[in-house]
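Peer 1: The file below is start.txt, compact mmCIF, C-alpha atoms:
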# COMPACT_ATOMS: atom_id res chain seq x y z
CA MET A 1 64.25 20.61 -15.56
CA ASN A 2 64.43 16.92 -14.76
CA LEU A 3 66.04 14.13 -16.75
CA ASP A 4 64.43 10.71 -16.35
CA LEU A 5 66.85 7.87 -17.00
CA SER A 6 65.00 5.25 -14.98
CA PHE A 7 64.34 3.21 -18.14
CA LEU A 8 68.02 2.14 -17.87
CA LEU A 9 67.09 0.16 -14.76
CA THR A 10 64.89 -2.31 -16.66
CA SER A 11 66.42 -5.71 -17.39
CA GLU A 12 65.29 -5.56 -21.04
CA VAL A 13 67.37 -2.45 -21.66
CA ARG A 14 70.36 -3.98 -19.89
CA GLN A 15 70.02 -7.17 -21.94
CA ALA A 16 69.78 -5.12 -25.14
CA ILE A 17 72.93 -3.14 -24.21
CA ARG A 18 74.77 -6.39 -23.44
CA LEU A 19 73.67 -8.01 -26.72
CA PHE A 20 74.63 -4.90 -28.67
CA ALA A 21 78.06 -4.85 -26.99
CA LEU A 22 78.51 -8.58 -27.67
CA VAL A 23 77.74 -8.36 -31.41
CA GLY A 24 79.68 -5.11 -31.76
CA THR A 25 82.78 -6.50 -30.04
CA LEU A 26 82.62 -9.74 -32.05
CA LEU A 27 82.67 -7.72 -35.28
CA HIS A 28 85.35 -5.52 -33.75
CA VAL A 29 87.62 -8.52 -33.05
CA LEU A 30 87.24 -9.62 -36.67
CA PHE A 31 88.07 -6.13 -37.92
CA THR A 32 91.18 -5.86 -35.69
CA ILE A 33 92.39 -9.25 -37.03
CA LEU A 34 91.92 -7.94 -40.58
CA LEU A 35 93.81 -4.80 -39.58
CA LEU A 36 96.68 -6.89 -38.23
CA ARG A 37 96.70 -8.94 -41.44
CA GLN A 38 96.87 -5.71 -43.44
CA ILE A 39 99.81 -4.46 -41.36
CA VAL A 40 101.68 -7.76 -41.78
CA SER A 41 101.17 -7.82 -45.56
CA SER A 42 102.06 -4.12 -45.91
CA ALA A 43 105.18 -4.58 -43.80
CA GLU A 44 106.19 -7.48 -46.07
CA MET A 45 105.66 -5.25 -49.09
CA ILE A 46 107.67 -2.38 -47.64
CA THR A 47 109.89 -2.34 -44.57
CA THR A 48 110.33 1.02 -42.87
CA PRO A 49 111.45 1.96 -39.36
CA GLY A 50 108.43 1.78 -37.06
CA ALA A 51 106.59 -0.98 -38.94
CA ALA A 52 107.61 -3.61 -36.34
CA LYS A 53 106.37 -1.40 -33.49
CA LEU A 54 103.06 -0.93 -35.30
CA LYS A 55 102.76 -4.71 -35.64
CA ILE A 56 103.31 -5.18 -31.88
CA VAL A 57 100.77 -2.45 -31.03
CA SER A 58 98.24 -4.12 -33.33
CA ILE A 59 98.82 -7.59 -31.76
CA VAL A 60 98.34 -6.10 -28.26
CA HIS A 61 95.16 -4.39 -29.49
CA VAL A 62 93.74 -7.67 -30.89
CA LEU A 63 94.42 -9.34 -27.52
CA LEU A 64 92.76 -6.48 -25.62
CA VAL A 65 89.65 -6.53 -27.79
CA SER A 66 89.49 -10.34 -27.44
CA GLY A 67 89.73 -9.83 -23.66
CA ILE A 68 86.79 -7.40 -23.77
CA LEU A 69 84.80 -9.97 -25.78
CA LEU A 70 85.49 -12.62 -23.11
CA LEU A 71 84.46 -10.14 -20.42
CA ILE A 72 81.12 -9.55 -22.17
CA ILE A 73 80.54 -13.29 -22.74
CA PHE A 74 81.19 -14.16 -19.08
CA TYR A 75 79.38 -11.09 -17.71
CA MET B 76 118.08 0.24 -67.94
CA ALA B 77 120.41 2.88 -66.53
CA SER B 78 120.67 3.50 -62.81
CA ILE B 79 122.79 5.71 -60.61
CA PRO B 80 125.88 3.82 -59.39
CA THR B 81 125.74 2.76 -55.77
CA GLY B 82 129.38 1.72 -55.52
CA ASN B 83 129.18 -2.03 -55.95
CA GLU B 84 128.17 -2.70 -59.52
CA ASN B 85 128.97 -2.11 -63.18
CA PRO B 86 132.63 -3.25 -63.27
CA ASN B 87 132.87 -2.61 -67.02
CA ALA B 88 131.79 1.04 -66.94
CA ALA B 89 134.43 3.74 -67.33
CA PRO B 90 135.64 4.70 -63.82
CA TRP B 91 135.32 8.44 -64.49
CA VAL B 92 131.62 7.97 -65.30
CA ASP B 93 131.01 6.34 -61.90
CA MET B 94 133.09 8.94 -60.05
CA LEU B 95 131.40 11.83 -61.81
CA SER B 96 127.90 10.53 -61.22
CA ARG B 97 128.63 9.77 -57.55
CA GLN B 98 129.94 13.31 -57.09
CA TYR B 99 126.85 14.65 -58.83
CA LEU B 100 124.64 12.48 -56.66
CA ASP B 101 126.27 13.92 -53.55
CA ARG B 102 125.29 17.35 -54.82
CA VAL B 103 121.72 16.24 -55.58
CA LEU B 104 121.20 14.46 -52.26
CA PRO B 105 123.92 15.69 -49.91
CA GLU B 106 123.10 13.84 -46.71
CA SER B 107 120.64 11.68 -44.84
CA GLN B 108 117.87 13.74 -43.24
CA ALA B 109 114.28 13.34 -42.06
CA SER B 110 111.47 15.85 -41.57
CA ILE B 111 108.83 15.98 -38.85
CA LEU B 112 106.94 12.65 -38.45
CA GLY B 113 108.93 11.13 -41.30
CA GLY B 114 107.01 12.87 -44.08
CA LEU B 115 110.19 13.36 -46.08
CA GLN B 116 113.32 11.27 -45.61
CA LEU B 117 116.44 11.64 -47.73
CA ARG B 118 118.68 8.59 -48.07
CA PRO B 119 116.66 6.76 -45.38
CA LYS B 120 118.21 3.87 -43.49
CA ASN B 121 116.60 0.43 -43.00
CA VAL B 122 114.05 0.91 -45.78
CA HIS B 123 113.46 -2.02 -48.12
CA PHE B 124 110.62 -3.03 -50.40
CA ALA B 125 109.48 -6.33 -51.85
CA THR B 126 110.35 -5.69 -55.50
CA GLN B 127 113.70 -4.03 -54.79
CA ASN B 128 116.37 -5.05 -57.31
CA LYS B 129 119.91 -6.01 -56.37
CA GLY B 130 121.94 -2.82 -55.93
CA GLU B 131 118.83 -0.62 -55.96
CA LYS B 132 119.03 2.06 -53.28
CA VAL B 133 116.23 4.13 -51.76
CA TYR B 134 117.06 7.85 -52.08
CA ILE B 135 113.84 9.53 -51.03
CA LEU B 136 110.98 8.19 -48.90
CA LEU B 137 107.80 10.25 -48.71
CA ARG B 138 104.52 10.12 -46.86
CA LYS B 139 101.63 12.55 -46.96
CA HIS B 140 102.13 15.70 -44.89
CA TRP B 141 101.18 15.21 -41.21
CA LEU B 142 98.57 17.94 -41.57
CA THR B 143 96.47 15.69 -43.84
CA ASN B 144 95.72 13.66 -40.68
CA LEU B 145 94.05 16.62 -39.03
CA GLY B 146 90.51 15.66 -40.15
CA TRP B 147 90.40 12.23 -38.53
CA ALA B 148 92.46 13.43 -35.54
CA PHE B 149 89.81 16.08 -34.85
CA ASN B 150 87.01 13.48 -35.18
CA LEU B 151 88.91 11.26 -32.75
CA ALA B 152 89.27 14.08 -30.22
CA VAL B 153 85.51 14.77 -30.39
CA LEU B 154 84.68 11.06 -30.02
CA ILE B 155 87.02 10.78 -27.01
CA ALA B 156 85.24 13.69 -25.34
CA ILE B 157 81.66 12.41 -25.90
CA PRO B 158 81.48 9.99 -22.89
CA ILE B 159 82.95 12.68 -20.63
CA VAL B 160 80.34 15.18 -21.85
CA VAL B 161 77.55 12.60 -21.34
CA TYR B 162 78.79 11.94 -17.80
CA LEU B 163 78.95 15.67 -17.03
CA VAL B 164 75.46 16.30 -18.45
CA ALA B 165 74.07 13.44 -16.34
CA GLN B 166 75.77 14.96 -13.28
CA LEU B 167 74.20 18.30 -14.14
CA PHE B 168 70.75 16.67 -13.95
CA ASN B 169 71.67 14.86 -10.72
CA GLN B 170 71.70 11.46 -12.38
CA ASP B 171 74.25 8.88 -11.29
CA LEU B 172 74.87 6.81 -14.41
CA VAL B 173 77.04 4.26 -12.58
CA ALA B 174 74.26 3.55 -10.09
CA LEU B 175 71.61 3.45 -12.83
CA VAL B 176 73.34 1.13 -15.27
CA GLY B 177 75.65 -0.72 -12.91
CA ALA B 178 79.42 -0.56 -12.56
CA LYS B 179 80.04 -3.75 -14.54
CA LEU B 180 77.91 -2.75 -17.53
CA ILE B 181 79.39 0.76 -17.52
CA THR B 182 82.89 -0.76 -17.56
CA ILE B 183 81.96 -2.94 -20.54
CA ILE B 184 80.42 -0.01 -22.43
CA VAL B 185 83.40 2.28 -21.79
CA LEU B 186 85.95 -0.41 -22.65
CA THR B 187 84.12 -1.33 -25.88
CA TYR B 188 83.74 2.31 -26.87
CA TYR B 189 87.36 3.29 -26.29
CA SER B 190 88.72 0.11 -27.90
CA ILE B 191 86.72 1.04 -31.03
CA LEU B 192 88.39 4.46 -30.90
CA VAL B 193 91.82 2.81 -30.68
CA THR B 194 90.91 0.79 -33.79
CA TYR B 195 89.77 3.98 -35.52
CA PHE B 196 93.14 5.56 -34.69
CA LEU B 197 95.08 2.49 -35.89
CA ARG B 198 93.10 2.26 -39.14
CA ASN B 199 93.79 5.88 -40.06
CA TYR B 200 97.39 5.78 -38.89
CA ILE B 201 98.07 2.62 -40.96
CA ASN B 202 96.48 4.23 -44.02
CA TRP B 203 98.90 7.14 -43.59
CA PHE B 204 101.94 5.12 -42.55
CA PHE B 205 101.88 2.60 -45.41
CA ASN B 206 100.91 5.03 -48.17
CA ILE B 207 104.47 5.58 -49.22
CA TYR B 208 106.20 7.16 -52.16
CA ILE B 209 109.75 6.06 -52.92
CA VAL B 210 112.44 7.39 -55.22
CA THR B 211 115.30 4.97 -55.86
CA ASN B 212 118.32 5.10 -58.15
CA GLU B 213 116.18 3.29 -60.78
CA ARG B 214 112.55 4.39 -60.42
CA VAL B 215 109.79 6.16 -58.53
CA VAL B 216 107.30 3.90 -56.75
CA ASP B 217 103.87 4.74 -55.28
CA TYR B 218 102.51 2.29 -52.69
CA ASP B 219 98.78 2.56 -52.01
CA VAL B 220 97.19 0.87 -49.01
CA ASN B 221 93.50 1.07 -48.15
CA VAL B 222 92.62 -0.75 -44.95
CA ASP B 223 88.83 -0.38 -45.37
CA VAL B 224 88.68 -2.45 -48.54
CA SER B 225 91.83 -4.44 -47.75
CA SER B 226 93.45 -3.25 -50.94
CA THR B 227 97.03 -2.58 -51.88
CA GLY B 228 98.29 -1.14 -55.13
CA THR B 229 101.60 -0.13 -56.62
CA SER B 230 102.52 2.06 -59.56
CA GLU B 231 106.01 2.86 -60.70
CA LEU B 232 107.94 4.74 -63.34
CA GLU B 233 111.58 4.30 -64.34
CA LEU B 234 113.73 7.40 -63.85
CA GLU B 235 115.08 7.27 -67.40
CA ARG B 236 111.51 7.38 -68.80
CA ILE B 237 110.60 10.55 -66.92
CA GLU B 238 109.69 13.34 -69.32
CA GLU B 239 108.16 15.97 -67.06
CA VAL B 240 107.68 16.60 -63.36
CA GLU B 241 104.82 18.86 -62.32
CA GLN B 242 104.16 20.36 -58.92
CA LYS B 243 100.97 21.82 -57.48
CA SER B 244 100.06 23.39 -54.15
CA VAL B 245 96.43 24.44 -54.15
CA GLY B 246 94.67 26.00 -51.17
CA PHE B 247 95.39 28.00 -48.06
CA LEU B 248 96.77 25.23 -45.82
CA PRO B 249 99.06 23.64 -48.47
CA ASN B 250 100.66 27.02 -49.17
CA LEU B 251 100.93 27.93 -45.49
CA PHE B 252 102.49 24.62 -44.47
CA ASN B 253 104.39 23.99 -47.71
CA TYR B 254 102.85 20.77 -48.96
CA GLY B 255 101.32 19.75 -52.27
CA SER B 256 101.34 17.26 -55.11
CA VAL B 257 104.07 16.24 -57.50
CA GLU B 258 103.06 14.44 -60.71
CA ILE B 259 105.66 12.60 -62.75
CA PHE B 260 104.92 11.92 -66.40
CA SER B 261 106.43 9.24 -68.63
CA ALA B 262 107.93 9.94 -72.04
CA ALA B 263 107.02 6.63 -73.69
CA ASP B 264 103.31 6.49 -72.94
CA ASN B 265 100.81 8.69 -71.16
CA SER B 266 101.33 7.05 -67.78
CA SER B 267 102.06 9.09 -64.68
CA VAL B 268 102.74 8.67 -60.97
CA LYS B 269 101.28 11.16 -58.53
CA PHE B 270 102.76 11.93 -55.12
CA ALA B 271 99.80 13.54 -53.35
CA ASP B 272 100.04 16.00 -50.43
CA ILE B 273 103.76 15.52 -49.85
CA PRO B 274 105.86 17.97 -47.81
CA ARG B 275 108.22 20.36 -49.64
CA PRO B 276 106.93 19.63 -53.19
CA THR B 277 109.30 22.11 -54.88
CA PHE B 278 112.31 20.44 -53.31
CA VAL B 279 111.04 16.95 -54.25
CA ARG B 280 110.24 17.97 -57.84
CA ASP B 281 113.73 19.42 -58.19
CA LYS B 282 115.41 16.30 -56.79
CA ILE B 283 113.40 13.92 -59.02
CA SER B 284 114.22 16.05 -62.10
CA ASP B 285 117.92 16.06 -61.17
CA LEU B 286 117.99 12.30 -60.55
CA ALA B 287 116.18 11.64 -63.86
CA LYS B 288 118.72 13.86 -65.67
CA LEU B 289 121.59 12.05 -63.95
CA VAL B 290 120.24 8.63 -64.96
CA LYS B 291 119.77 9.76 -68.57
CA THR B 292 123.35 11.14 -68.64
CA ILE B 293 124.76 7.86 -67.33
CA GLY B 294 122.63 5.93 -69.83
CA ASN B 295 124.10 7.94 -72.69
CA GLU B 296 127.72 7.79 -71.51
CA SER B 297 128.06 4.12 -70.49
Starting from the coordinates I provided, produce the structure as structure tokens.
Peer 2:
Amino acid sequence: MNLDLSFLLTSEVRQAIRLFALVGTLLHVLFTILLLRQIVSSAEMITTPGAAKLKIVSIVHVLLVSGILLLIIFY
Amino acid sequence: MASIPTGNENPNAAPWVDMLSRQYLDRVLPESQASILGGLQLRPKNVHFATQNKGEKVYILLRKHWLTNLGWAFNLAVLIAIPIVVYLVAQLFNQDLVALVGAKLITIIVLTYYSILVTYFLRNYINWFFNIYIVTNERVVDYDVNVDVSSTGTSELELERIEEVEQKSVGFLPNLFNYGSVEIFSAADNSSVKFADIPRPTFVRDKISDLAKLVKTIGNES
């Protein structure tokens, strides 16, 4: 049995993948910012041990996803 | 509104009332303790909330049982494994995906995919972490957070208004791992606050009933 994946070599498919990744990551950045906003407002509403750590993790995540977006833009 | 003395208020109350209720409180909630993953915390430290009154102390902090996260955790594990399975299947058919698609594009796809999974984890963890139930010396509070629709909600019931506390554990897993729901009903109206899927529901129901009784006793005596 043979699996033919040669269609992945075409530039149209590569462009489509890149465009899909670009739009997806753009929406993803927006969602992670909303997530961070939700954490900040929830932490203001109720302070528990671990909430500050969660905030830091979320900030790092927003930066990472933004980095991926830049990587796709300048690819 | 009556509340359980915390040691720094009510200078006009009879001293024996304060002493008695503090002794009783020590019997109701003997010491600070926390269960696995913070599902149940007695007399938790460093816990504050926005609408906390002066002198109001948090006695019990509850989150849903850790087992309620099993559904999304399983989905996450499957989603993590998918790229590895795809890679292995391609290898099985002698296809080199890196050579076909290109190292750069593969890196972008993998990074995008796994960052989405991190977001999926964070979203579910936040939903669990900030859905908190609190019992203070004045009231019970239920904080609801839903990240998907960016919504937050709060419902509360004063301890002295509590008429009945009901507990339910339905199903195989809740009975095996000792978690379930506790519903607290008000005497004045038909309002209620529900603590869903909390660990040790019998213990929590008992403590809330005892605290409500204690508050009512203090309200009558002072």
Peer 1: Taking only C-alpha atoms into account, what are the residues of chain B at most 9 Å from chain A, put as a tab-separated table (two decimals) with C-alpha atoms, in the coordinates of the input?
Peer 2:
chain	number	residue	atom	x	y	z
B	119	PRO	CA	116.66	6.76	-45.38
B	120	LYS	CA	118.21	3.87	-43.49
B	121	ASN	CA	116.60	0.43	-43.00
B	122	VAL	CA	114.05	0.91	-45.78
B	123	HIS	CA	113.46	-2.02	-48.12
B	124	PHE	CA	110.62	-3.03	-50.40
B	125	ALA	CA	109.48	-6.33	-51.85
B	126	THR	CA	110.35	-5.69	-55.50
B	165	ALA	CA	74.07	13.44	-16.34
B	168	PHE	CA	70.75	16.67	-13.95
B	169	ASN	CA	71.67	14.86	-10.72
B	170	GLN	CA	71.70	11.46	-12.38
B	172	LEU	CA	74.87	6.81	-14.41
B	175	LEU	CA	71.61	3.45	-12.83
B	176	VAL	CA	73.34	1.13	-15.27
B	177	GLY	CA	75.65	-0.72	-12.91
B	179	LYS	CA	80.04	-3.75	-14.54
B	180	LEU	CA	77.91	-2.75	-17.53
B	183	ILE	CA	81.96	-2.94	-20.54
B	184	ILE	CA	80.42	-0.01	-22.43
B	186	LEU	CA	85.95	-0.41	-22.65
B	187	THR	CA	84.12	-1.33	-25.88
B	190	SER	CA	88.72	0.11	-27.90
B	191	ILE	CA	86.72	1.04	-31.03
B	193	VAL	CA	91.82	2.81	-30.68
B	194	THR	CA	90.91	0.79	-33.79
B	197	LEU	CA	95.08	2.49	-35.89
B	198	ARG	CA	93.10	2.26	-39.14
B	201	ILE	CA	98.07	2.62	-40.96
B	204	PHE	CA	101.94	5.12	-42.55
B	205	PHE	CA	101.88	2.60	-45.41
B	207	ILE	CA	104.47	5.58	-49.22
B	218	TYR	CA	102.51	2.29	-52.69
B	220	VAL	CA	97.19	0.87	-49.01
B	221	ASN	CA	93.50	1.07	-48.15
B	222	VAL	CA	92.62	-0.75	-44.95
B	223	ASP	CA	88.83	-0.38	-45.37
B	225	SER	CA	91.83	-4.44	-47.75
B	226	SER	CA	93.45	-3.25	-50.94
B	227	THR	CA	97.03	-2.58	-51.88
Peer 1: What does the distance between atom CA of B:Lys269 and atom CA of B:Gly114 come to in Å, to one decimal place?
Peer 2: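 Atom-to-atom, atom CA of B:Lys269 and atom CA of B:Gly114 are spaced 15.6 Å apart.
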Peer 1: Starting from 6 Å padding per side, set up an axis-aligned box that covers all listed atoms of stretch 253-259 of chain B and hand over centre and edge lengths in Å, one decimal, as AutoDock Vina command-line options.
Peer 2:
--center_x 103.5 --center_y 18.3 --center_z -55.2 --size_x 16.3 --size_y 23.4 --size_z 27.0
Peer 1: Between atom CA of B:Glu235 and atom CA of B:Asp264, what is the spacing in Å?
Peer 2: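 According to the coordinates, atom CA of B:Asp264 and atom CA of B:Glu235 are separated by 13.0 Å.
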Peer 1: In Å, how far is it from atom CA of B:Glu233 to atom CA of B:Ser266?
Peer 2: 11.2 Å
